[in-house]
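Remarks on the structure that follows.
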Amino acid sequence: MIDNLATGVEGFTSNTFLVQGDRTVLIDAGNGFDVVDAISAHTDDLDAVVLTHTHPDHVGNLAAVTDAFDVDVWGFDPTVEGVDRELADEATVTLGDHEYTAFHTPGHKNDHICLYGADPGILFAGDLVFENGGFGRTDLEEGDRDLLIESIDRVLDVVSADLGQLHVGHGPSVTTDPYESIKLAYRAARM
């Protein structure tokens, strides 16, 4: 089961996904809302936090989560403050009841990863791509439009065309032809 705990939150935050199952994991901690209460409304136990990247809107609540649940934080770059364990390119991690592969996808931020579960047909895309061809900003520090385009192209190569769910860092998740949103983002980013 996947719940976006940031649904309805107004302000500077990312989506924050709670993936429940054999290993209950929070994907991104969000910012500026009581994510601990939101987690507690769904479960008493959290096994880990996995970060798509470390922009403030994705990690602002991180200390509150780690204090409340005493969990390790997984991310691409363990030298970044708050990241306890490395999730290297093409490493696998259990989210809920399924195995996901982490793909390093820089361009929006150097430590950005996407998480793809081939078996459930789910991609957690962070701020790489969004619904209807939106894509992550490249005008921030560490942003690089050419790298972002390469990262989107990599995701297109890896993800199955019959992808069932695309969970993004901002805006709604995509469950109707999510692969098309990735293709549109690739085209739009190249303009």
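Numbering starts fresh at 1 for the residues of each chain in the structure tokens, the chains themselves are lettered A, B, ... in the order given, and ligands are numbered from 1 as they appear.
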
Near segment 82-91 of chain A, counting only C-alpha atoms, which residues have an atom at most 12 Å away, once you skip same-chain residues fewer than 5 positions from it, shown as an mmCIF file with all heavy atoms, in the first residue's frame?
data_model
loop_
_atom_site.group_PDB
_atom_site.id
_atom_site.type_symbol
_atom_site.label_atom_id
_atom_site.label_comp_id
_atom_site.auth_asym_id
_atom_site.auth_seq_id
_atom_site.Cartn_x
_atom_site.Cartn_y
_atom_site.Cartn_z
ATOM 1 N N ASP A 28 11.070 10.069 0.945
ATOM 2 C CA ASP A 28 11.171 11.508 1.151
ATOM 3 C C ASP A 28 10.382 11.907 2.401
ATOM 4 O O ASP A 28 9.335 11.353 2.687
ATOM 5 C CB ASP A 28 10.746 12.306 -0.075
ATOM 6 C CG ASP A 28 11.720 12.131 -1.242
ATOM 7 O OD1 ASP A 28 12.902 11.860 -1.000
ATOM 8 O OD2 ASP A 28 11.279 12.280 -2.404
ATOM 9 N N ALA A 29 10.925 12.876 3.131
ATOM 10 C CA ALA A 29 10.342 13.267 4.413
ATOM 11 C C ALA A 29 9.477 14.516 4.325
ATOM 12 O O ALA A 29 8.755 14.834 5.251
ATOM 13 C CB ALA A 29 11.449 13.482 5.442
ATOM 14 N N ALA A 48 12.589 2.352 7.605
ATOM 15 C CA ALA A 48 13.642 3.147 6.971
ATOM 16 C C ALA A 48 13.039 4.352 6.273
ATOM 17 O O ALA A 48 11.833 4.416 6.028
ATOM 18 C CB ALA A 48 14.411 2.305 5.958
ATOM 19 N N VAL A 49 13.916 5.301 5.946
ATOM 20 C CA VAL A 49 13.578 6.413 5.065
ATOM 21 C C VAL A 49 14.498 6.295 3.860
ATOM 22 O O VAL A 49 15.698 6.043 4.008
ATOM 23 C CB VAL A 49 13.800 7.784 5.745
ATOM 24 C CG1 VAL A 49 13.548 8.923 4.764
ATOM 25 C CG2 VAL A 49 12.935 7.929 6.977
ATOM 26 N N VAL A 50 13.936 6.466 2.672
ATOM 27 C CA VAL A 50 14.724 6.495 1.441
ATOM 28 C C VAL A 50 14.483 7.849 0.791
ATOM 29 O O VAL A 50 13.336 8.278 0.631
ATOM 30 C CB VAL A 50 14.328 5.351 0.479
ATOM 31 C CG1 VAL A 50 15.046 5.491 -0.855
ATOM 32 C CG2 VAL A 50 14.635 3.996 1.100
ATOM 33 N N LEU A 51 15.574 8.515 0.420
ATOM 34 C CA LEU A 51 15.477 9.842 -0.176
ATOM 35 C C LEU A 51 15.722 9.788 -1.672
ATOM 36 O O LEU A 51 16.706 9.180 -2.117
ATOM 37 C CB LEU A 51 16.502 10.786 0.457
ATOM 38 C CG LEU A 51 16.399 10.995 1.964
ATOM 39 C CD1 LEU A 51 17.552 11.855 2.458
ATOM 40 C CD2 LEU A 51 15.051 11.621 2.330
ATOM 41 N N THR A 52 14.850 10.457 -2.437
ATOM 42 C CA THR A 52 15.122 10.579 -3.868
ATOM 43 C C THR A 52 16.226 11.596 -4.102
ATOM 44 O O THR A 52 16.988 11.469 -5.059
ATOM 45 C CB THR A 52 13.863 10.987 -4.662
ATOM 46 O OG1 THR A 52 13.395 12.261 -4.199
ATOM 47 C CG2 THR A 52 12.769 9.931 -4.543
ATOM 48 N N HIS A 53 16.317 12.605 -3.255
ATOM 49 C CA HIS A 53 17.400 13.585 -3.276
ATOM 50 C C HIS A 53 17.255 14.471 -2.044
ATOM 51 O O HIS A 53 16.295 14.320 -1.293
ATOM 52 C CB HIS A 53 17.417 14.399 -4.580
ATOM 53 C CG HIS A 53 16.219 15.263 -4.798
ATOM 54 N ND1 HIS A 53 14.963 14.747 -5.041
ATOM 55 C CD2 HIS A 53 16.078 16.622 -4.819
ATOM 56 C CE1 HIS A 53 14.107 15.741 -5.222
ATOM 57 N NE2 HIS A 53 14.751 16.888 -5.072
ATOM 58 N N THR A 54 18.207 15.369 -1.851
ATOM 59 C CA THR A 54 18.278 16.089 -0.579
ATOM 60 C C THR A 54 17.992 17.587 -0.686
ATOM 61 O O THR A 54 18.540 18.373 0.083
ATOM 62 C CB THR A 54 19.650 15.850 0.091
ATOM 63 O OG1 THR A 54 20.688 16.221 -0.825
ATOM 64 C CG2 THR A 54 19.802 14.401 0.502
ATOM 65 N N HIS A 55 17.123 17.994 -1.593
ATOM 66 C CA HIS A 55 16.662 19.385 -1.557
ATOM 67 C C HIS A 55 15.829 19.596 -0.291
ATOM 68 O O HIS A 55 15.177 18.673 0.199
ATOM 69 C CB HIS A 55 15.829 19.702 -2.798
ATOM 70 C CG HIS A 55 16.650 20.140 -3.973
ATOM 71 N ND1 HIS A 55 16.265 19.921 -5.271
ATOM 72 C CD2 HIS A 55 17.834 20.800 -4.050
ATOM 73 C CE1 HIS A 55 17.171 20.424 -6.090
ATOM 74 N NE2 HIS A 55 18.130 20.953 -5.379
ATOM 75 N N PRO A 56 15.806 20.830 0.252
ATOM 76 C CA PRO A 56 15.131 21.102 1.520
ATOM 77 C C PRO A 56 13.660 20.680 1.572
ATOM 78 O O PRO A 56 13.183 20.259 2.628
ATOM 79 C CB PRO A 56 15.263 22.623 1.680
ATOM 80 C CG PRO A 56 16.485 22.980 0.895
ATOM 81 C CD PRO A 56 16.513 22.022 -0.256
ATOM 82 N N HIS A 58 12.372 18.121 0.401
ATOM 83 C CA HIS A 58 12.300 16.662 0.525
ATOM 84 C C HIS A 58 12.870 16.156 1.851
ATOM 85 O O HIS A 58 12.622 15.016 2.221
ATOM 86 C CB HIS A 58 13.042 15.994 -0.638
ATOM 87 C CG HIS A 58 12.361 16.183 -1.957
ATOM 88 N ND1 HIS A 58 11.685 15.163 -2.577
ATOM 89 C CD2 HIS A 58 12.244 17.269 -2.749
ATOM 90 C CE1 HIS A 58 11.175 15.623 -3.717
ATOM 91 N NE2 HIS A 58 11.501 16.902 -3.840
ATOM 92 N N VAL A 59 13.649 16.999 2.550
ATOM 93 C CA VAL A 59 14.313 16.541 3.779
ATOM 94 C C VAL A 59 14.054 17.416 5.002
ATOM 95 O O VAL A 59 14.579 17.144 6.077
ATOM 96 C CB VAL A 59 15.845 16.402 3.575
ATOM 97 C CG1 VAL A 59 16.161 15.409 2.482
ATOM 98 C CG2 VAL A 59 16.497 17.752 3.294
ATOM 99 N N GLY A 60 13.244 18.443 4.875
ATOM 100 C CA GLY A 60 13.016 19.360 5.997
ATOM 101 C C GLY A 60 12.487 18.680 7.249
ATOM 102 O O GLY A 60 12.805 19.080 8.360
ATOM 103 N N ASN A 61 11.675 17.638 7.071
ATOM 104 C CA ASN A 61 11.117 16.904 8.212
ATOM 105 C C ASN A 61 11.966 15.703 8.629
ATOM 106 O O ASN A 61 11.553 14.935 9.497
ATOM 107 C CB ASN A 61 9.716 16.381 7.863
ATOM 108 C CG ASN A 61 8.700 17.471 7.685
ATOM 109 O OD1 ASN A 61 8.787 18.528 8.289
ATOM 110 N ND2 ASN A 61 7.708 17.215 6.830
ATOM 111 N N LEU A 62 13.122 15.544 8.030
ATOM 112 C CA LEU A 62 13.913 14.335 8.241
ATOM 113 C C LEU A 62 14.305 14.118 9.702
ATOM 114 O O LEU A 62 14.153 13.012 10.233
ATOM 115 C CB LEU A 62 15.161 14.355 7.349
ATOM 116 C CG LEU A 62 15.961 13.069 7.262
ATOM 117 C CD1 LEU A 62 15.105 11.913 6.759
ATOM 118 C CD2 LEU A 62 17.161 13.273 6.337
ATOM 119 N N ALA A 63 14.780 15.141 10.382
ATOM 120 C CA ALA A 63 15.202 14.987 11.779
ATOM 121 C C ALA A 63 14.026 14.551 12.661
ATOM 122 O O ALA A 63 14.183 13.698 13.541
ATOM 123 C CB ALA A 63 15.816 16.279 12.301
ATOM 124 N N ALA A 64 12.855 15.107 12.411
ATOM 125 C CA ALA A 64 11.682 14.717 13.204
ATOM 126 C C ALA A 64 11.349 13.242 13.008
ATOM 127 O O ALA A 64 11.013 12.538 13.964
ATOM 128 C CB ALA A 64 10.476 15.582 12.826
ATOM 129 N N VAL A 65 11.468 12.765 11.785
ATOM 130 C CA VAL A 65 11.172 11.351 11.492
ATOM 131 C C VAL A 65 12.202 10.436 12.141
ATOM 132 O O VAL A 65 11.840 9.444 12.788
ATOM 133 C CB VAL A 65 11.109 11.099 9.967
ATOM 134 C CG1 VAL A 65 10.967 9.613 9.663
ATOM 135 C CG2 VAL A 65 9.961 11.877 9.338
ATOM 136 N N THR A 66 13.468 10.764 12.001
ATOM 137 C CA THR A 66 14.503 9.894 12.577
ATOM 138 C C THR A 66 14.459 9.918 14.102
ATOM 139 O O THR A 66 14.704 8.896 14.745
ATOM 140 C CB THR A 66 15.914 10.255 12.061
ATOM 141 O OG1 THR A 66 16.204 11.620 12.352
ATOM 142 C CG2 THR A 66 16.021 10.004 10.563
ATOM 143 N N ASP A 67 14.134 11.060 14.693
ATOM 144 C CA ASP A 67 13.996 11.134 16.150
ATOM 145 C C ASP A 67 12.819 10.289 16.633
ATOM 146 O O ASP A 67 12.924 9.583 17.639
ATOM 147 C CB ASP A 67 13.798 12.581 16.607
ATOM 148 C CG ASP A 67 15.059 13.418 16.518
ATOM 149 O OD1 ASP A 67 16.149 12.852 16.295
ATOM 150 O OD2 ASP A 67 14.947 14.656 16.654
ATOM 151 N N ASP A 70 13.619 6.371 15.040
ATOM 152 C CA ASP A 70 14.960 5.795 15.165
ATOM 153 C C ASP A 70 15.286 4.875 13.980
ATOM 154 O O ASP A 70 15.588 3.697 14.152
ATOM 155 C CB ASP A 70 15.095 5.039 16.491
ATOM 156 C CG ASP A 70 16.538 4.661 16.784
ATOM 157 O OD1 ASP A 70 17.453 5.384 16.342
ATOM 158 O OD2 ASP A 70 16.748 3.607 17.432
ATOM 159 N N VAL A 71 15.207 5.445 12.780
ATOM 160 C CA VAL A 71 15.456 4.670 11.563
ATOM 161 C C VAL A 71 16.657 5.227 10.814
ATOM 162 O O VAL A 71 17.020 6.397 10.962
ATOM 163 C CB VAL A 71 14.229 4.700 10.617
ATOM 164 C CG1 VAL A 71 13.062 3.948 11.215
ATOM 165 C CG2 VAL A 71 13.828 6.124 10.266
ATOM 166 N N ASP A 72 17.251 4.368 9.983
ATOM 167 C CA ASP A 72 18.325 4.795 9.098
ATOM 168 C C ASP A 72 17.733 5.467 7.867
ATOM 169 O O ASP A 72 16.630 5.137 7.418
ATOM 170 C CB ASP A 72 19.166 3.599 8.636
ATOM 171 C CG ASP A 72 20.123 3.119 9.719
ATOM 172 O OD1 ASP A 72 20.429 3.887 10.653
ATOM 173 O OD2 ASP A 72 20.590 1.965 9.607
ATOM 174 N N VAL A 73 18.515 6.393 7.328
ATOM 175 C CA VAL A 73 18.130 7.119 6.120
ATOM 176 C C VAL A 73 19.049 6.667 4.989
ATOM 177 O O VAL A 73 20.271 6.716 5.112
ATOM 178 C CB VAL A 73 18.250 8.639 6.329
ATOM 179 C CG1 VAL A 73 17.913 9.386 5.042
ATOM 180 C CG2 VAL A 73 17.356 9.089 7.481
ATOM 181 N N TRP A 74 18.435 6.225 3.907
ATOM 182 C CA TRP A 74 19.154 5.752 2.729
ATOM 183 C C TRP A 74 19.098 6.802 1.634
ATOM 184 O O TRP A 74 18.046 7.378 1.377
ATOM 185 C CB TRP A 74 18.532 4.455 2.216
ATOM 186 C CG TRP A 74 18.630 3.310 3.169
ATOM 187 C CD1 TRP A 74 17.939 3.142 4.336
ATOM 188 C CD2 TRP A 74 19.475 2.181 3.056
ATOM 189 N NE1 TRP A 74 18.302 1.968 4.947
ATOM 190 C CE2 TRP A 74 19.244 1.359 4.176
ATOM 191 C CE3 TRP A 74 20.405 1.765 2.097
ATOM 192 C CZ2 TRP A 74 19.910 0.162 4.371
ATOM 193 C CZ3 TRP A 74 21.064 0.576 2.295
ATOM 194 C CH2 TRP A 74 20.823 -0.216 3.424
ATOM 195 N N GLY A 75 20.226 7.036 0.989
ATOM 196 C CA GLY A 75 20.293 7.981 -0.120
ATOM 197 C C GLY A 75 21.505 7.692 -0.970
ATOM 198 O O GLY A 75 22.355 6.871 -0.617
ATOM 199 N N PHE A 76 21.608 8.374 -2.083
ATOM 200 C CA PHE A 76 22.705 8.100 -3.020
ATOM 201 C C PHE A 76 24.059 8.493 -2.458
ATOM 202 O O PHE A 76 25.040 7.792 -2.640
ATOM 203 C CB PHE A 76 22.458 8.823 -4.353
ATOM 204 C CG PHE A 76 23.538 8.572 -5.361
ATOM 205 C CD1 PHE A 76 23.606 7.366 -6.035
ATOM 206 C CD2 PHE A 76 24.494 9.534 -5.628
ATOM 207 C CE1 PHE A 76 24.607 7.112 -6.949
ATOM 208 C CE2 PHE A 76 25.513 9.300 -6.549
ATOM 209 C CZ PHE A 76 25.560 8.086 -7.210
ATOM 210 N N ASP A 77 24.126 9.622 -1.753
ATOM 211 C CA ASP A 77 25.413 10.149 -1.291
ATOM 212 C C ASP A 77 25.471 10.161 0.235
ATOM 213 O O ASP A 77 24.902 11.058 0.875
ATOM 214 C CB ASP A 77 25.611 11.554 -1.844
ATOM 215 C CG ASP A 77 26.975 12.139 -1.517
ATOM 216 O OD1 ASP A 77 27.742 11.526 -0.741
ATOM 217 O OD2 ASP A 77 27.268 13.240 -2.031
ATOM 218 N N GLU A 99 10.890 -5.571 -4.321
ATOM 219 C CA GLU A 99 12.251 -5.097 -4.552
ATOM 220 C C GLU A 99 12.224 -3.980 -5.587
ATOM 221 O O GLU A 99 11.540 -4.086 -6.615
ATOM 222 C CB GLU A 99 13.147 -6.232 -5.068
ATOM 223 C CG GLU A 99 13.497 -7.268 -4.025
ATOM 224 C CD GLU A 99 14.384 -6.719 -2.919
ATOM 225 O OE1 GLU A 99 15.389 -6.055 -3.221
ATOM 226 O OE2 GLU A 99 14.059 -6.953 -1.730
ATOM 227 N N TYR A 100 12.965 -2.933 -5.320
ATOM 228 C CA TYR A 100 13.121 -1.808 -6.236
ATOM 229 C C TYR A 100 14.596 -1.628 -6.533
ATOM 230 O O TYR A 100 15.447 -1.875 -5.686
ATOM 231 C CB TYR A 100 12.578 -0.519 -5.608
ATOM 232 C CG TYR A 100 11.072 -0.457 -5.543
ATOM 233 C CD1 TYR A 100 10.356 -1.202 -4.608
ATOM 234 C CD2 TYR A 100 10.363 0.355 -6.416
ATOM 235 C CE1 TYR A 100 8.966 -1.147 -4.554
ATOM 236 C CE2 TYR A 100 8.976 0.418 -6.368
ATOM 237 C CZ TYR A 100 8.294 -0.331 -5.442
ATOM 238 O OH TYR A 100 6.918 -0.275 -5.401
ATOM 239 N N THR A 101 14.889 -1.138 -7.720
ATOM 240 C CA THR A 101 16.253 -0.812 -8.101
ATOM 241 C C THR A 101 16.399 0.698 -8.105
ATOM 242 O O THR A 101 15.544 1.411 -8.637
ATOM 243 C CB THR A 101 16.589 -1.383 -9.494
ATOM 244 O OG1 THR A 101 16.386 -2.788 -9.475
ATOM 245 C CG2 THR A 101 18.032 -1.085 -9.874
ATOM 246 N N ALA A 102 17.484 1.170 -7.508
ATOM 247 C CA ALA A 102 17.792 2.600 -7.501
ATOM 248 C C ALA A 102 18.598 2.933 -8.753
ATOM 249 O O ALA A 102 19.560 2.236 -9.076
ATOM 250 C CB ALA A 102 18.601 2.959 -6.250
ATOM 251 N N PHE A 103 18.181 3.971 -9.439
ATOM 252 C CA PHE A 103 18.909 4.447 -10.610
ATOM 253 C C PHE A 103 19.333 5.881 -10.364
ATOM 254 O O PHE A 103 18.490 6.741 -10.080
ATOM 255 C CB PHE A 103 18.039 4.348 -11.874
ATOM 256 C CG PHE A 103 17.789 2.937 -12.286
ATOM 257 C CD1 PHE A 103 16.604 2.311 -11.951
ATOM 258 C CD2 PHE A 103 18.753 2.214 -12.969
ATOM 259 C CE1 PHE A 103 16.370 0.989 -12.304
ATOM 260 C CE2 PHE A 103 18.534 0.893 -13.324
ATOM 261 C CZ PHE A 103 17.349 0.278 -12.993
ATOM 262 N N HIS A 104 20.664 6.115 -10.460
ATOM 263 C CA HIS A 104 21.194 7.458 -10.281
ATOM 264 C C HIS A 104 20.746 8.297 -11.477
ATOM 265 O O HIS A 104 21.030 7.953 -12.619
ATOM 266 C CB HIS A 104 22.717 7.404 -10.177
ATOM 267 C CG HIS A 104 23.334 8.731 -9.911
ATOM 268 N ND1 HIS A 104 24.509 9.117 -10.505
ATOM 269 C CD2 HIS A 104 22.959 9.763 -9.107
ATOM 270 C CE1 HIS A 104 24.825 10.329 -10.081
ATOM 271 N NE2 HIS A 104 23.894 10.742 -9.228
ATOM 272 N N THR A 105 20.033 9.378 -11.187
ATOM 273 C CA THR A 105 19.445 10.206 -12.242
ATOM 274 C C THR A 105 19.721 11.683 -11.964
ATOM 275 O O THR A 105 18.807 12.447 -11.623
ATOM 276 C CB THR A 105 17.926 9.938 -12.351
ATOM 277 O OG1 THR A 105 17.341 10.026 -11.030
ATOM 278 C CG2 THR A 105 17.640 8.576 -12.931
ATOM 279 N N PRO A 106 20.978 12.119 -12.112
ATOM 280 C CA PRO A 106 21.308 13.521 -11.858
ATOM 281 C C PRO A 106 20.733 14.443 -12.935
ATOM 282 O O PRO A 106 20.233 13.989 -13.962
ATOM 283 C CB PRO A 106 22.833 13.515 -11.881
ATOM 284 C CG PRO A 106 23.187 12.392 -12.804
ATOM 285 C CD PRO A 106 22.127 11.342 -12.556
ATOM 286 N N ASP A 111 22.622 14.157 -6.336
ATOM 287 C CA ASP A 111 22.365 12.913 -5.598
ATOM 288 C C ASP A 111 20.984 12.325 -5.900
ATOM 289 O O ASP A 111 20.504 11.460 -5.176
ATOM 290 C CB ASP A 111 22.535 13.128 -4.091
ATOM 291 C CG ASP A 111 21.510 14.072 -3.471
ATOM 292 O OD1 ASP A 111 20.759 14.736 -4.214
ATOM 293 O OD2 ASP A 111 21.468 14.159 -2.223
ATOM 294 N N HIS A 112 20.370 12.737 -6.982
ATOM 295 C CA HIS A 112 19.010 12.299 -7.312
ATOM 296 C C HIS A 112 18.979 10.844 -7.776
ATOM 297 O O HIS A 112 19.818 10.414 -8.569
ATOM 298 C CB HIS A 112 18.421 13.193 -8.408
ATOM 299 C CG HIS A 112 16.947 13.054 -8.547
ATOM 300 N ND1 HIS A 112 16.357 11.965 -9.153
ATOM 301 C CD2 HIS A 112 15.932 13.849 -8.136
ATOM 302 C CE1 HIS A 112 15.041 12.111 -9.112
ATOM 303 N NE2 HIS A 112 14.758 13.248 -8.499
ATOM 304 N N ILE A 113 18.006 10.090 -7.250
ATOM 305 C CA ILE A 113 17.761 8.719 -7.711
ATOM 306 C C ILE A 113 16.273 8.537 -7.995
ATOM 307 O O ILE A 113 15.427 9.245 -7.452
ATOM 308 C CB ILE A 113 18.211 7.643 -6.691
ATOM 309 C CG1 ILE A 113 17.472 7.802 -5.353
ATOM 310 C CG2 ILE A 113 19.721 7.633 -6.522
ATOM 311 C CD1 ILE A 113 17.703 6.656 -4.372
ATOM 312 N N CYS A 114 15.991 7.587 -8.871
ATOM 313 C CA CYS A 114 14.637 7.086 -9.079
ATOM 314 C C CYS A 114 14.626 5.647 -8.587
ATOM 315 O O CYS A 114 15.651 4.962 -8.608
ATOM 316 C CB CYS A 114 14.258 7.128 -10.560
ATOM 317 S SG CYS A 114 14.041 8.779 -11.218
ATOM 318 N N LEU A 115 13.475 5.183 -8.153
ATOM 319 C CA LEU A 115 13.326 3.829 -7.618
ATOM 320 C C LEU A 115 12.298 3.089 -8.458
ATOM 321 O O LEU A 115 11.132 3.510 -8.519
ATOM 322 C CB LEU A 115 12.876 3.896 -6.159
ATOM 323 C CG LEU A 115 13.834 4.651 -5.235
ATOM 324 C CD1 LEU A 115 13.111 5.202 -4.031
ATOM 325 C CD2 LEU A 115 14.977 3.747 -4.824
ATOM 326 N N TYR A 116 12.732 2.011 -9.107
ATOM 327 C CA TYR A 116 11.862 1.283 -10.019
ATOM 328 C C TYR A 116 11.636 -0.146 -9.546
ATOM 329 O O TYR A 116 12.582 -0.899 -9.344
ATOM 330 C CB TYR A 116 12.470 1.266 -11.418
ATOM 331 C CG TYR A 116 11.691 0.448 -12.426
ATOM 332 C CD1 TYR A 116 10.331 0.656 -12.633
ATOM 333 C CD2 TYR A 116 12.322 -0.538 -13.164
ATOM 334 C CE1 TYR A 116 9.619 -0.093 -13.559
ATOM 335 C CE2 TYR A 116 11.622 -1.289 -14.099
ATOM 336 C CZ TYR A 116 10.268 -1.059 -14.289
ATOM 337 O OH TYR A 116 9.566 -1.798 -15.199
ATOM 338 N N GLY A 117 10.380 -0.492 -9.370
ATOM 339 C CA GLY A 117 9.989 -1.858 -9.042
ATOM 340 C C GLY A 117 9.391 -2.499 -10.285
ATOM 341 O O GLY A 117 8.254 -2.176 -10.663
ATOM 342 N N ARG A 154 17.593 7.478 -19.705
ATOM 343 C CA ARG A 154 17.949 6.234 -19.004
ATOM 344 C C ARG A 154 16.702 5.581 -18.411
ATOM 345 O O ARG A 154 16.516 4.375 -18.505
ATOM 346 C CB ARG A 154 18.966 6.511 -17.904
ATOM 347 C CG ARG A 154 19.378 5.249 -17.173
ATOM 348 C CD ARG A 154 20.409 5.490 -16.118
ATOM 349 N NE ARG A 154 20.908 4.202 -15.632
ATOM 350 C CZ ARG A 154 21.465 4.043 -14.465
ATOM 351 N NH1 ARG A 154 21.656 5.052 -13.642
ATOM 352 N NH2 ARG A 154 21.882 2.840 -14.095
ATOM 353 N N VAL A 155 15.858 6.385 -17.778
ATOM 354 C CA VAL A 155 14.634 5.848 -17.192
ATOM 355 C C VAL A 155 13.739 5.241 -18.280
ATOM 356 O O VAL A 155 13.175 4.161 -18.093
ATOM 357 C CB VAL A 155 13.897 6.931 -16.374
ATOM 358 C CG1 VAL A 155 12.500 6.495 -16.010
ATOM 359 C CG2 VAL A 155 14.695 7.256 -15.111
ATOM 360 N N VAL A 158 14.988 1.835 -19.095
ATOM 361 C CA VAL A 158 14.913 0.849 -18.019
ATOM 362 C C VAL A 158 13.470 0.444 -17.697
ATOM 363 O O VAL A 158 13.181 -0.727 -17.461
ATOM 364 C CB VAL A 158 15.595 1.409 -16.742
ATOM 365 C CG1 VAL A 158 15.317 0.530 -15.547
ATOM 366 C CG2 VAL A 158 17.089 1.568 -16.964
#

DSSP helix (DSSP H, G or I) residues within segment 1-190 of chain A, listed as JSON, numbers by chain: {"A": [35, 36, 37, 38, 39, 40, 56, 57, 58, 59, 62, 63, 64, 65, 66, 67, 68, 69, 131, 132, 133, 145, 146, 147, 148, 149, 150, 151, 152, 153, 154, 155, 156, 157, 158, 178, 179, 180, 181, 182, 183, 184, 185, 186, 187, 188, 189]}

Neighbour list for Asp97 of chain A as a list in words, cut-off 8 Å, only C-alpha atoms, skip fewer than 5 positions in-chain: Gln20, Gly21, Asp22 and Arg23 of chain A

Residue set, chain A restricted to strand (DSSP E or B), as an MDAnalysis selection string: chainID A and resid 2:4 17:19 23 25:27 48:50 72:75 85:86 92:96 98:104 113:117 122:126 129 135 165:168 174

Shell of 7 Å around Leu5 of chain A, only C-alpha atoms, local chain residues under 5 positions omitted, as a PyMOL selection string: chain A and resi 16-18+38

Could you make a table, as a tab-separated table, of the residues of segment 32-118 of chain A that have an atom within 9 Å of an atom of segment 132-141 of chain A, each with its nearest atom pair and distance in Å to one decimal, counting only C-alpha atoms, in chain and number order?
residue	atom	partner	partner_atom	distance
A:Gly107	CA	A:Thr138	CA	6.5
A:His108	CA	A:Thr138	CA	5.2
A:Lys109	CA	A:Glu141	CA	7.5

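Atom CA of Glu150 of chain A sits 8.9 Å away from atom CA of Tyr186 of chain A.
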
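Summary of the local environment: counting only C-alpha atoms, residues at most 7 Å from Ala125 of chain A, other than itself and those fewer than 3 positions away along its chain, are Cys114, Leu115, Leu128, Val129, Leu166, His167, Val168 and Gly169 of chain A.
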
Take the residues from that selection and put them in a file with N, CA and C atoms, as a PDB file, in the first residue's frame.
ATOM      1  N   CYS A 114      15.991   7.587  -8.871  1.00  0.00           N
ATOM      2  CA  CYS A 114      14.637   7.086  -9.079  1.00  0.00           C
ATOM      3  C   CYS A 114      14.626   5.647  -8.587  1.00  0.00           C
ATOM      4  N   LEU A 115      13.475   5.183  -8.153  1.00  0.00           N
ATOM      5  CA  LEU A 115      13.326   3.829  -7.618  1.00  0.00           C
ATOM      6  C   LEU A 115      12.298   3.089  -8.458  1.00  0.00           C
ATOM      7  N   LEU A 128      12.543  14.130 -11.059  1.00  0.00           N
ATOM      8  CA  LEU A 128      13.039  13.967 -12.432  1.00  0.00           C
ATOM      9  C   LEU A 128      11.950  14.311 -13.436  1.00  0.00           C
ATOM     10  N   VAL A 129      10.780  13.685 -13.296  1.00  0.00           N
ATOM     11  CA  VAL A 129       9.660  13.919 -14.211  1.00  0.00           C
ATOM     12  C   VAL A 129       8.366  14.039 -13.404  1.00  0.00           C
ATOM     13  N   LEU A 166       3.296   5.933 -11.585  1.00  0.00           N
ATOM     14  CA  LEU A 166       4.404   6.877 -11.530  1.00  0.00           C
ATOM     15  C   LEU A 166       4.132   7.806 -10.356  1.00  0.00           C
ATOM     16  N   HIS A 167       4.955   7.707  -9.312  1.00  0.00           N
ATOM     17  CA  HIS A 167       4.820   8.555  -8.132  1.00  0.00           C
ATOM     18  C   HIS A 167       5.919   9.613  -8.192  1.00  0.00           C
ATOM     19  N   VAL A 168       5.504  10.867  -8.165  1.00  0.00           N
ATOM     20  CA  VAL A 168       6.413  11.982  -8.426  1.00  0.00           C
ATOM     21  C   VAL A 168       6.599  12.843  -7.180  1.00  0.00           C
ATOM     22  N   GLY A 169       7.611  13.683  -7.212  1.00  0.00           N
ATOM     23  CA  GLY A 169       7.937  14.512  -6.057  1.00  0.00           C
ATOM     24  C   GLY A 169       6.962  15.638  -5.790  1.00  0.00           C
TER      25      GLY A 169
END

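Residue nearest Phe124 of chain A, chosen from A:Ile27, A:Val93, A:Asp34, A:Leu148 and counting only C-alpha atoms: A:Ile27.
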
Straight-line distance linking atom CA of Asp177 of chain A with atom CA of Asp119 of chain A, stated in Å to one decimal: 16.8 Å

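Of the listed residues (A:Pro178, A:Gly171, A:Ala6, A:Gly11), A:Ala6 comes nearest to Val35 of chain A; the distances count only C-alpha atoms.
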
Test item: residues at most 10 Å from Arg187 of chain A, only C-alpha atoms, excluding those fewer than 4 positions along its chain, as a ChimeraX atom specification: /A:133-134,149,152-153,181-183,191

Based on the selection just made, write N, CA and C atoms of those residues as a compact mmCIF listing (two decimals), in the first residue's frame.
# COMPACT_ATOMS: atom_id res chain seq x y z
N GLY A 133 4.38 15.40 -18.76
CA GLY A 133 5.60 15.89 -19.38
C GLY A 133 6.36 16.95 -18.62
N GLY A 134 5.97 17.21 -17.38
CA GLY A 134 6.76 18.12 -16.57
C GLY A 134 8.08 17.47 -16.19
N ILE A 149 18.31 15.38 -19.19
CA ILE A 149 17.83 14.70 -20.39
C ILE A 149 18.39 13.29 -20.47
N ILE A 152 16.49 11.16 -17.92
CA ILE A 152 15.15 10.78 -18.38
C ILE A 152 15.26 9.69 -19.44
N ASP A 153 16.22 9.82 -20.34
CA ASP A 153 16.44 8.81 -21.37
C ASP A 153 16.78 7.46 -20.74
N SER A 181 3.85 10.00 -19.81
CA SER A 181 4.31 11.21 -19.13
C SER A 181 5.83 11.31 -19.14
N ILE A 182 6.51 10.18 -19.02
CA ILE A 182 7.98 10.18 -19.06
C ILE A 182 8.46 10.54 -20.46
N LYS A 183 7.83 9.97 -21.48
CA LYS A 183 8.19 10.30 -22.87
C LYS A 183 7.96 11.78 -23.16
N MET A 191 13.50 20.71 -25.59
CA MET A 191 13.14 21.94 -26.32
C MET A 191 13.97 23.11 -25.86
